[in-house]
Amino acid sequence: MIATISLPPTAEADDRAFSSSSPRLSLAPTGPAPALLDGAWWPRSRDLRAELPSLTAVLDPLWGRITRVTVNPTHWPVVPRKVPVAGHVVKVGWFLAEQDPHELLLLSYGMGRWNLLVVPPQTAPVSAAWLMAAASDPLGMSTASRLMEEAARLRRVSETDRAVEAVWDSEGGHEARDPAARPRIPTVTAGMPLQPMGR
């Protein structure tokens with residue numbers, strides 16, 4: 001089962017009200033072979049105090065009460081020791097060398113542990129969608145950092161393709177390919193002179 005929670009297309013005022021309470025989250029379905037990642041989370045900021053409550057509100061009913069999370073502090077400017085969430089407190093730890101900088105580790109007492117790719121808040125929607133789908137693949141064998149590297153590579157390829165196409169367009173590329181844009185060459189039908197039929 002894939003649970004994807006994202007922003008609906010609404011007015012800006014509704015968007016502000018909705019964004020603080022609903023996480024952008026994609027979870028991998030449970031499968032026979034464990035993947036390296038259990039899904040992806042696309043927070044709106046790098047503020048764990050602001051972001052964790054909405055995440056745990058969704059995950060607690062699915063995975064059991066989340067009691068502890070760990071992060072790599074590389075991308076988190078402040079790592080609080082505890083974050084109050086609905087009905088309980090989540091303890092927060094960090095590992096610099098031992099934990100992938102693009103991963104959030106969640107622990108539920110007696111239930112298990114889960115690893116989520118953390119999509120950077122400033123990521124473009126197209127890249128974020130690709131990352132969330134890749135991290136939710138139940139057969140995925142890529143680490144969070146490897147997925148981030150692949151997304152960056154795909155973005156560079158796309159930007160290069162757009163730049164090449166822009167040059168091609170500026171040189172008349174699409175117009176040359178579009179039959180409607182090409183000047184029409186009149187069709188000339190030459191009549192064959194009539195030959196007298198011989199006996």
# chains A, B, ... in the order shown; residues from 1 in each chain; ligands from 1
>>> residues_around(residues="A:Thr67", least_positions_apart="2", cutoff="8 Å", atoms="only C-alpha atoms", output="PyMOL selection string")
chain A and resi 65+69+89-91+106-109
>>> select_by_dssp(residues="stretch 2-140 of chain A", states="helix (DSSP H, G or I)", output="JSON, numbers by chain")
{"A": [12, 13, 14, 15, 16, 17, 18, 19, 48, 49, 50, 51, 52, 53, 54, 55, 56, 57, 58, 59, 60, 61, 62, 63, 73, 74, 75, 125, 126, 127, 128, 129, 130, 131, 132, 133, 134, 135]}
>>> select_by_dssp(residues="stretch 27-88 of chain A", states="strand (DSSP E)", output="ChimeraX atom specification")
/A:27,39-41,66-71,82-85,88
>>> write_last_selection(atoms="N, CA and C atoms", output="JSON list (two decimals), in the first residue's frame")
[["chain", "number", "residue", "atom", "x", "y", "z"],
["A", 27, "LEU", "N", 4.85, 6.33, 1.24],
["A", 27, "LEU", "CA", 5.34, 5.14, 1.94],
["A", 27, "LEU", "C", 5.35, 3.92, 1.01],
["A", 39, "GLY", "N", 10.22, 4.76, 2.35],
["A", 39, "GLY", "CA", 9.45, 5.83, 1.74],
["A", 39, "GLY", "C", 10.21, 7.13, 1.78],
["A", 40, "ALA", "N", 9.47, 8.22, 1.57],
["A", 40, "ALA", "CA", 10.08, 9.54, 1.53],
["A", 40, "ALA", "C", 9.18, 10.56, 2.20],
["A", 41, "TRP", "N", 9.82, 11.56, 2.77],
["A", 41, "TRP", "CA", 9.12, 12.66, 3.44],
["A", 41, "TRP", "C", 9.68, 13.95, 2.86],
["A", 66, "ILE", "N", 5.57, 6.60, 17.39],
["A", 66, "ILE", "CA", 6.97, 6.93, 17.12],
["A", 66, "ILE", "C", 7.54, 7.55, 18.39],
["A", 67, "THR", "N", 8.56, 6.93, 18.93],
["A", 67, "THR", "CA", 9.13, 7.40, 20.20],
["A", 67, "THR", "C", 10.48, 8.08, 20.05],
["A", 68, "ARG", "N", 11.16, 7.79, 18.94],
["A", 68, "ARG", "CA", 12.52, 8.35, 18.77],
["A", 68, "ARG", "C", 12.79, 8.52, 17.27],
["A", 69, "VAL", "N", 13.50, 9.58, 16.93],
["A", 69, "VAL", "CA", 13.99, 9.77, 15.56],
["A", 69, "VAL", "C", 15.46, 10.15, 15.64],
["A", 70, "THR", "N", 16.18, 9.82, 14.59],
["A", 70, "THR", "CA", 17.56, 10.28, 14.49],
["A", 70, "THR", "C", 17.76, 10.91, 13.12],
["A", 71, "VAL", "N", 18.65, 11.87, 13.07],
["A", 71, "VAL", "CA", 18.98, 12.56, 11.84],
["A", 71, "VAL", "C", 20.50, 12.73, 11.77],
["A", 82, "LYS", "N", 14.20, 16.90, 22.32],
["A", 82, "LYS", "CA", 12.84, 16.36, 22.40],
["A", 82, "LYS", "C", 11.90, 17.27, 21.61],
["A", 83, "VAL", "N", 10.89, 16.63, 21.00],
["A", 83, "VAL", "CA", 9.87, 17.39, 20.27],
["A", 83, "VAL", "C", 8.50, 16.93, 20.76],
["A", 84, "PRO", "N", 7.71, 17.84, 21.33],
["A", 84, "PRO", "CA", 6.36, 17.45, 21.73],
["A", 84, "PRO", "C", 5.47, 17.25, 20.50],
["A", 85, "VAL", "N", 4.78, 16.12, 20.48],
["A", 85, "VAL", "CA", 3.84, 15.81, 19.40],
["A", 85, "VAL", "C", 2.52, 15.47, 20.07],
["A", 88, "HIS", "N", 2.35, 12.80, 23.18],
["A", 88, "HIS", "CA", 3.61, 12.29, 23.72],
["A", 88, "HIS", "C", 4.79, 13.14, 23.24]]
>>> atom_distance(atom1="atom CA of A:Met132", atom2="atom CA of A:Arg81")
27.5 Å
>>> atom_distance(atom1="atom CA of A:Leu55", atom2="atom CA of A:Ser26")
11.2 Å
>>> closest_residue(among="A:Trp42, A:Glu150, A:Ala97, A:Leu37", to="A:Leu116", atoms="only C-alpha atoms")
A:Leu37
>>> closest_residue(among="A:Ser22, A:Thr30, A:Asn72, A:Thr160", to="A:Ser136", atoms="only C-alpha atoms")
A:Thr30
>>> atom_distance(atom1="atom CA of A:Leu139", atom2="atom CA of A:Ala35")
5.5 Å
>>> residues_around(residues="A:Val126", least_positions_apart="5", cutoff="10 Å", atoms="only C-alpha atoms", output="PyMOL selection string")
chain A and resi 131+151+155
>>> residues_around(residues="A:Ala152", least_positions_apart="3", cutoff="12 Å", atoms="only C-alpha atoms", output="VMD selection string")
chain A and resid 123 to 124 126 to 128 130 to 131 145 to 149 155 to 159
>>> write_last_selection(atoms="N, CA and C atoms", output="mmCIF file, in the first residue's frame")
data_model
loop_
_atom_site.group_PDB
_atom_site.id
_atom_site.type_symbol
_atom_site.label_atom_id
_atom_site.label_comp_id
_atom_site.auth_asym_id
_atom_site.auth_seq_id
_atom_site.Cartn_x
_atom_site.Cartn_y
_atom_site.Cartn_z
ATOM 1 N N THR A 123 13.265 21.553 -2.979
ATOM 2 C CA THR A 123 13.277 20.731 -4.191
ATOM 3 C C THR A 123 12.109 21.078 -5.100
ATOM 4 N N ALA A 124 12.382 21.139 -6.398
ATOM 5 C CA ALA A 124 11.325 21.392 -7.384
ATOM 6 C C ALA A 124 10.332 20.234 -7.366
ATOM 7 N N VAL A 126 8.839 18.463 -9.604
ATOM 8 C CA VAL A 126 9.101 17.323 -10.499
ATOM 9 C C VAL A 126 10.161 16.413 -9.896
ATOM 10 N N SER A 127 11.249 16.994 -9.398
ATOM 11 C CA SER A 127 12.296 16.179 -8.767
ATOM 12 C C SER A 127 11.781 15.521 -7.497
ATOM 13 N N ALA A 128 10.990 16.252 -6.712
ATOM 14 C CA ALA A 128 10.439 15.691 -5.475
ATOM 15 C C ALA A 128 9.548 14.497 -5.772
ATOM 16 N N TRP A 130 9.742 12.483 -8.337
ATOM 17 C CA TRP A 130 10.589 11.360 -8.738
ATOM 18 C C TRP A 130 11.243 10.724 -7.512
ATOM 19 N N LEU A 131 11.776 11.556 -6.618
ATOM 20 C CA LEU A 131 12.432 11.043 -5.411
ATOM 21 C C LEU A 131 11.463 10.258 -4.536
ATOM 22 N N SER A 145 21.222 8.919 -0.171
ATOM 23 C CA SER A 145 22.208 9.761 -0.873
ATOM 24 C C SER A 145 22.336 9.389 -2.343
ATOM 25 N N ARG A 146 22.265 8.098 -2.635
ATOM 26 C CA ARG A 146 22.367 7.674 -4.040
ATOM 27 C C ARG A 146 21.160 8.181 -4.842
ATOM 28 N N LEU A 147 19.969 8.157 -4.245
ATOM 29 C CA LEU A 147 18.782 8.691 -4.928
ATOM 30 C C LEU A 147 18.922 10.190 -5.159
ATOM 31 N N MET A 148 19.474 10.908 -4.177
ATOM 32 C CA MET A 148 19.678 12.350 -4.339
ATOM 33 C C MET A 148 20.667 12.619 -5.477
ATOM 34 N N GLU A 149 21.717 11.811 -5.575
ATOM 35 C CA GLU A 149 22.693 11.962 -6.666
ATOM 36 C C GLU A 149 22.038 11.692 -8.016
ATOM 37 N N ARG A 155 18.274 15.938 -13.273
ATOM 38 C CA ARG A 155 17.984 17.366 -13.407
ATOM 39 C C ARG A 155 18.987 18.020 -14.368
ATOM 40 N N ARG A 156 20.268 17.665 -14.249
ATOM 41 C CA ARG A 156 21.285 18.229 -15.148
ATOM 42 C C ARG A 156 21.020 17.815 -16.594
ATOM 43 N N VAL A 157 20.665 16.556 -16.806
ATOM 44 C CA VAL A 157 20.361 16.074 -18.161
ATOM 45 C C VAL A 157 19.171 16.842 -18.724
ATOM 46 N N SER A 158 18.150 17.027 -17.917
ATOM 47 C CA SER A 158 16.957 17.752 -18.363
ATOM 48 C C SER A 158 17.286 19.201 -18.703
ATOM 49 N N GLU A 159 18.094 19.852 -17.862
ATOM 50 C CA GLU A 159 18.480 21.240 -18.120
ATOM 51 C C GLU A 159 19.318 21.343 -19.389
#
>>> closest_residue(among="A:Leu154, A:Val58, A:Ala135, A:Ala144", to="A:Asp38", atoms="only C-alpha atoms")
A:Ala135
>>> residues_around(residues="A:Ala86", least_positions_apart="3", cutoff="9 Å", atoms="only C-alpha atoms", output="JSON, numbers by chain")
{"A": [53, 54, 56, 57, 89]}
